[in-house]
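A.B. asks: My questions all concern the structure below.
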Amino acid sequence: MKEYVEPAEGKLGILIPGLGAVATTLIAGVEAVRKGLAKPIGSLTQMGNIRLGKRTEDRYPKIKDFVPLADLNDVVFGGWDVYADNVYEAAMKAKVLEAGLLNSIRPELEALVPMKAAFDKRYVKNLDGTNIKTFTTKKDLAEQVREDIRNFKAKNGCSRAVMVWCGSTEIYMKQSAVHESIEAFEAGLENNDEHISPSMIYAYAALKEDVPYVNGAPNLTVDIPAIVELAKETGNPIAGKDFKTGQTLMKTILAPGLSARALGVRGWFSTNILGNRDGLVLDDPENFKTKEVSKLSVLDEIFRPDANPDLYSELYHKVRINYYPPHGDNKESWDNIDIFGWLGYPMQIKINFLCRDSILAAPVALDLALFTDLAKRAGMTGIQEWLSFYLKSPQTAEGLRPEHDIFKQLMKLQNTLRHMMGEDLITHLGLDYYQDLVDSIQ
């Protein structure tokens with residue numbers, strides 16, 4: 001497959017709907033890294049290594065030196081937001097990064113002014129957007145976003161672009177008839193169908209402009225037949241959904257360990273407090289339901305109660321998110337886990353995770369943008385399940401159960417990169433190191 005990976009030549013535009021805490025932390029972080037003011041901690045594309053060949057070969061390059069990723073110096077940011085604040089102003093209001101760091105890159109951040117957003121308050125009731133587009137039909141709105149993409153690429157001299165949704169969680173929505181095909185979807189745009197949300201409009205516009213799309217929220221966006229079909233038709237990668245940070249990250253690390261040791265789980269109670277814009281949006285029950293569905297699916301898929309009834313058939317899983325303005329972007333989560341071991345004897349695990357939501361999400365958004373651009377240049381179209389490592393509710397082919405075990409997800413990601421570059425896949429079997437054992441079982 002190696003010969004089909006096009007080089008990362010020219011500038012890469014990273015287009016972001018939603019220039020809030022996550023996006024401004026990402027943009028400011030990349031600017032700080034480019035100036036040598038900080039390190040891109042948490043980014044696998046920048047800091048991670050990958051093993052190649054046998055352990056005895058001791059080949060362990062940085063991922064960015066192994067696959068042809070876009071260089072951070074060739075990245076150009078742009079985006080849309082419901083508020084007119086430039087990225088410096090938005091980052092100062094988000095209060096994720098220290099003012100001293102932001103002031104050291106202030107000119108670069110002030111130059112980034114959001115385009116007017118494709119916004120509809122019905123889908124995010126707790127926000128009052130002022131920097132928004134006017135339109136007659138959703139088709140007209142999609143055309144305006146497409147024009148924004150074209151203008152951005154031309155103005156910034158971008159040879160290619162990707163779009164990463166960093167906007168708010170929309171109200172809960174189920175798949176309906178308008179989502180079944182491109183034809184039905186485009187008719188729905190003309191008819192202002194209520195089942196077409198702003199995030200779907202961005203995804204449609206991106207793919208029509210030959211731009212890959214990543215869904216960083218739990219919205220029903222690219223995981224509908226119409227958008228999957230459009231991605232394949234236009235030859236673009238798509239990935240979703242919902243950046244895996246905070247409490248769910250901990251679950252996908254801890255739950256596989258419990259399952260691996262055949263320890264039972266009777267209950268897992270999770271609660272969070274969060275005070276940023278995401279917390280405000282999730283304070284509405286309809287928006288919270290979208291997030292809840294995304295977060296609840298993780299444990300069932302890891303523990304598989306149907307296959308392990310003695311261990312997990314009584315599992316009770318509850319998730320709560322509470323809006324608490326004093327904490328700002330500093331999310332605090334508590335988990336109470338009731339487990340049982342040998343002969344059914346009960347035990348408990350308590351987790352108190354004081355994390356920084358956007359500090360965890362920013363490198364995830366960066367990696368997804370760079371890897372999706374790589375996938376595009378490698379000719380990989382449609383659903384990119386190998387990027388599940390970064391996502392709470394991974395998108396898969398129809399009828400295929402998602403894999404939530406973060407260690408299996410990492411193996412899949414690394415093997416995809418090895419395959420892409422013509423290297424041997426690694427299974428970790430390792431029998432060839434013990435020839436006498438191999439001979440004894442033949």
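Identifiers for the structure tokens are assigned positionally: chains receive A, B, ... in sequence, residues are indexed from 1 per chain, and ligands are indexed from 1 in the order shown.
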Please tabulate, as CSV, the residues of segment 219-305 of chain A that come within 7 Å of segment 310-317 of chain A, each with its closest pair of atoms and the distance in Å to one decimal, counting only C-alpha atoms and ordering rows by chain, then residue number upward.

C.D. replies:
```
residue,atom,partner,partner_atom,distance
A:Leu263,CA,A:Leu311,CA,6.8
A:Gly264,CA,A:Leu311,CA,4.2
A:Val265,CA,A:Tyr312,CA,5.7
A:Arg266,CA,A:Leu315,CA,4.4
A:Gly267,CA,A:Tyr316,CA,4.5
A:Trp268,CA,A:His317,CA,4.9
A:Phe269,CA,A:His317,CA,5.8
A:Phe303,CA,A:Tyr312,CA,6.7
A:Pro305,CA,A:Tyr312,CA,4.8
```

A.B. asks: Pick out the residues sitting within 10 Å of Ile171 of chain A, and hand them over as a list in words; count only C-alpha atoms, and ignore anything fewer than 2 positions along from it in its own chain.

C.D. replies: Arg122, Tyr123, Val124, Lys125, Ser168, Thr169, Met173, Ser197, Pro218, Asn219, Leu220, Val281, Leu282, Asp284, Pro285, Glu286, Asn287, Phe288, Lys289, Thr290 and Lys291 of chain A

A.B. asks: Keeping only N, CA, C and O atoms, write those residues as a short mmCIF file (atom, residue, chain, number, x, y, z; two decimals), in the first residue's frame.

C.D. replies:
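Final file, out-v3.cif:
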```cif
data_model
loop_
_atom_site.label_atom_id
_atom_site.label_comp_id
_atom_site.auth_asym_id
_atom_site.auth_seq_id
_atom_site.Cartn_x
_atom_site.Cartn_y
_atom_site.Cartn_z
N ARG A 122 -32.72 25.55 18.03
CA ARG A 122 -33.55 24.40 18.38
C ARG A 122 -32.70 23.18 18.75
O ARG A 122 -33.14 22.31 19.50
N TYR A 123 -31.48 23.12 18.23
CA TYR A 123 -30.62 21.96 18.47
C TYR A 123 -29.67 22.15 19.65
O TYR A 123 -29.12 21.18 20.15
N VAL A 124 -29.47 23.41 20.06
CA VAL A 124 -28.62 23.72 21.22
C VAL A 124 -29.31 24.86 21.96
O VAL A 124 -28.97 26.03 21.80
N LYS A 125 -30.25 24.53 22.81
CA LYS A 125 -31.16 25.52 23.38
C LYS A 125 -30.50 26.49 24.35
O LYS A 125 -30.98 27.61 24.54
N SER A 168 -20.85 22.20 19.93
CA SER A 168 -21.61 21.68 21.06
C SER A 168 -22.34 20.38 20.73
O SER A 168 -22.54 20.03 19.56
N THR A 169 -22.75 19.70 21.79
CA THR A 169 -23.59 18.52 21.67
C THR A 169 -25.01 18.94 21.31
O THR A 169 -25.61 19.75 22.02
N MET A 173 -31.13 12.72 18.68
CA MET A 173 -31.85 12.50 17.42
C MET A 173 -31.64 11.07 16.96
O MET A 173 -30.54 10.53 17.04
N SER A 197 -29.58 18.43 11.21
CA SER A 197 -29.04 19.36 12.20
C SER A 197 -27.89 20.17 11.60
O SER A 197 -27.36 19.83 10.53
N PRO A 218 -21.03 13.75 20.34
CA PRO A 218 -21.87 12.55 20.22
C PRO A 218 -23.06 12.70 19.29
O PRO A 218 -23.95 11.86 19.28
N ASN A 219 -23.07 13.77 18.50
CA ASN A 219 -24.20 14.03 17.60
C ASN A 219 -24.37 12.94 16.55
O ASN A 219 -23.40 12.33 16.10
N LEU A 220 -25.60 12.74 16.13
CA LEU A 220 -25.88 11.91 14.96
C LEU A 220 -25.51 12.75 13.73
O LEU A 220 -26.26 13.61 13.31
N VAL A 281 -24.33 23.61 27.83
CA VAL A 281 -25.17 22.96 26.81
C VAL A 281 -25.78 21.68 27.35
O VAL A 281 -26.97 21.39 27.17
N LEU A 282 -24.96 20.89 28.07
CA LEU A 282 -25.42 19.60 28.59
C LEU A 282 -26.36 19.75 29.77
O LEU A 282 -26.93 18.75 30.24
N ASP A 284 -29.14 21.03 29.52
CA ASP A 284 -30.46 20.77 28.96
C ASP A 284 -30.65 19.27 28.79
O ASP A 284 -29.79 18.60 28.21
N PRO A 285 -31.75 18.68 29.28
CA PRO A 285 -31.94 17.22 29.24
C PRO A 285 -31.85 16.62 27.84
O PRO A 285 -31.34 15.50 27.68
N GLU A 286 -32.35 17.33 26.82
CA GLU A 286 -32.33 16.77 25.46
C GLU A 286 -30.90 16.66 24.93
O GLU A 286 -30.57 15.73 24.20
N ASN A 287 -30.05 17.63 25.28
CA ASN A 287 -28.65 17.56 24.86
C ASN A 287 -27.88 16.54 25.68
O ASN A 287 -27.03 15.81 25.16
N PHE A 288 -28.19 16.46 26.98
CA PHE A 288 -27.52 15.48 27.83
C PHE A 288 -27.80 14.05 27.37
O PHE A 288 -26.91 13.20 27.41
N LYS A 289 -29.00 13.80 26.88
CA LYS A 289 -29.34 12.44 26.44
C LYS A 289 -28.40 11.98 25.33
O LYS A 289 -28.00 10.81 25.27
N THR A 290 -28.05 12.90 24.42
CA THR A 290 -27.13 12.55 23.34
C THR A 290 -25.78 12.10 23.91
O THR A 290 -25.21 11.10 23.48
N LYS A 291 -25.29 12.83 24.90
CA LYS A 291 -24.02 12.48 25.54
C LYS A 291 -24.15 11.19 26.34
O LYS A 291 -23.25 10.34 26.33
#
```

A.B. asks: Please provide as JSON, numbers by chain all residues within 8 Å of Gly20 of chain A, with the sequence filter that same-chain residues fewer than 4 positions apart are discarded (counting only C-alpha atoms).

C.D. replies: {"A": [24, 81, 90, 91, 94, 166, 167, 277]}

A.B. asks: Using DSSP on the backbone coordinates, identify all residues within segment 128-203 of chain A classified as helix (DSSP H, G or I); present the result as a ChimeraX atom specification.

C.D. replies: /A:138-156,177-179,182-190,198-203

A.B. asks: For Thr248 of chain A, which of A:Met200, A:Leu72, A:Leu15, A:Leu296 is the closest residue, counting only C-alpha atoms?

C.D. replies: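 Checking each candidate against Thr248 of chain A, we get A:Leu296 as the closest.
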
A.B. asks: Based on DSSP run over this structure's backbone, return all residues of segment 241-271 of chain A in strand (DSSP E), as a list in words.

C.D. replies: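 Here is the list: Gly264, Val265, Arg266, Gly267, Trp268, Phe269, Ser270 and Thr271 of chain A.
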
A.B. asks: Nearest to Asn131 of chain A among A:Glu110, A:Asp74, A:Asp85, A:Glu98, with distances taken over only C-alpha atoms: which residue is it?

C.D. replies: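 Nearest to Asn131 of chain A: A:Asp85.
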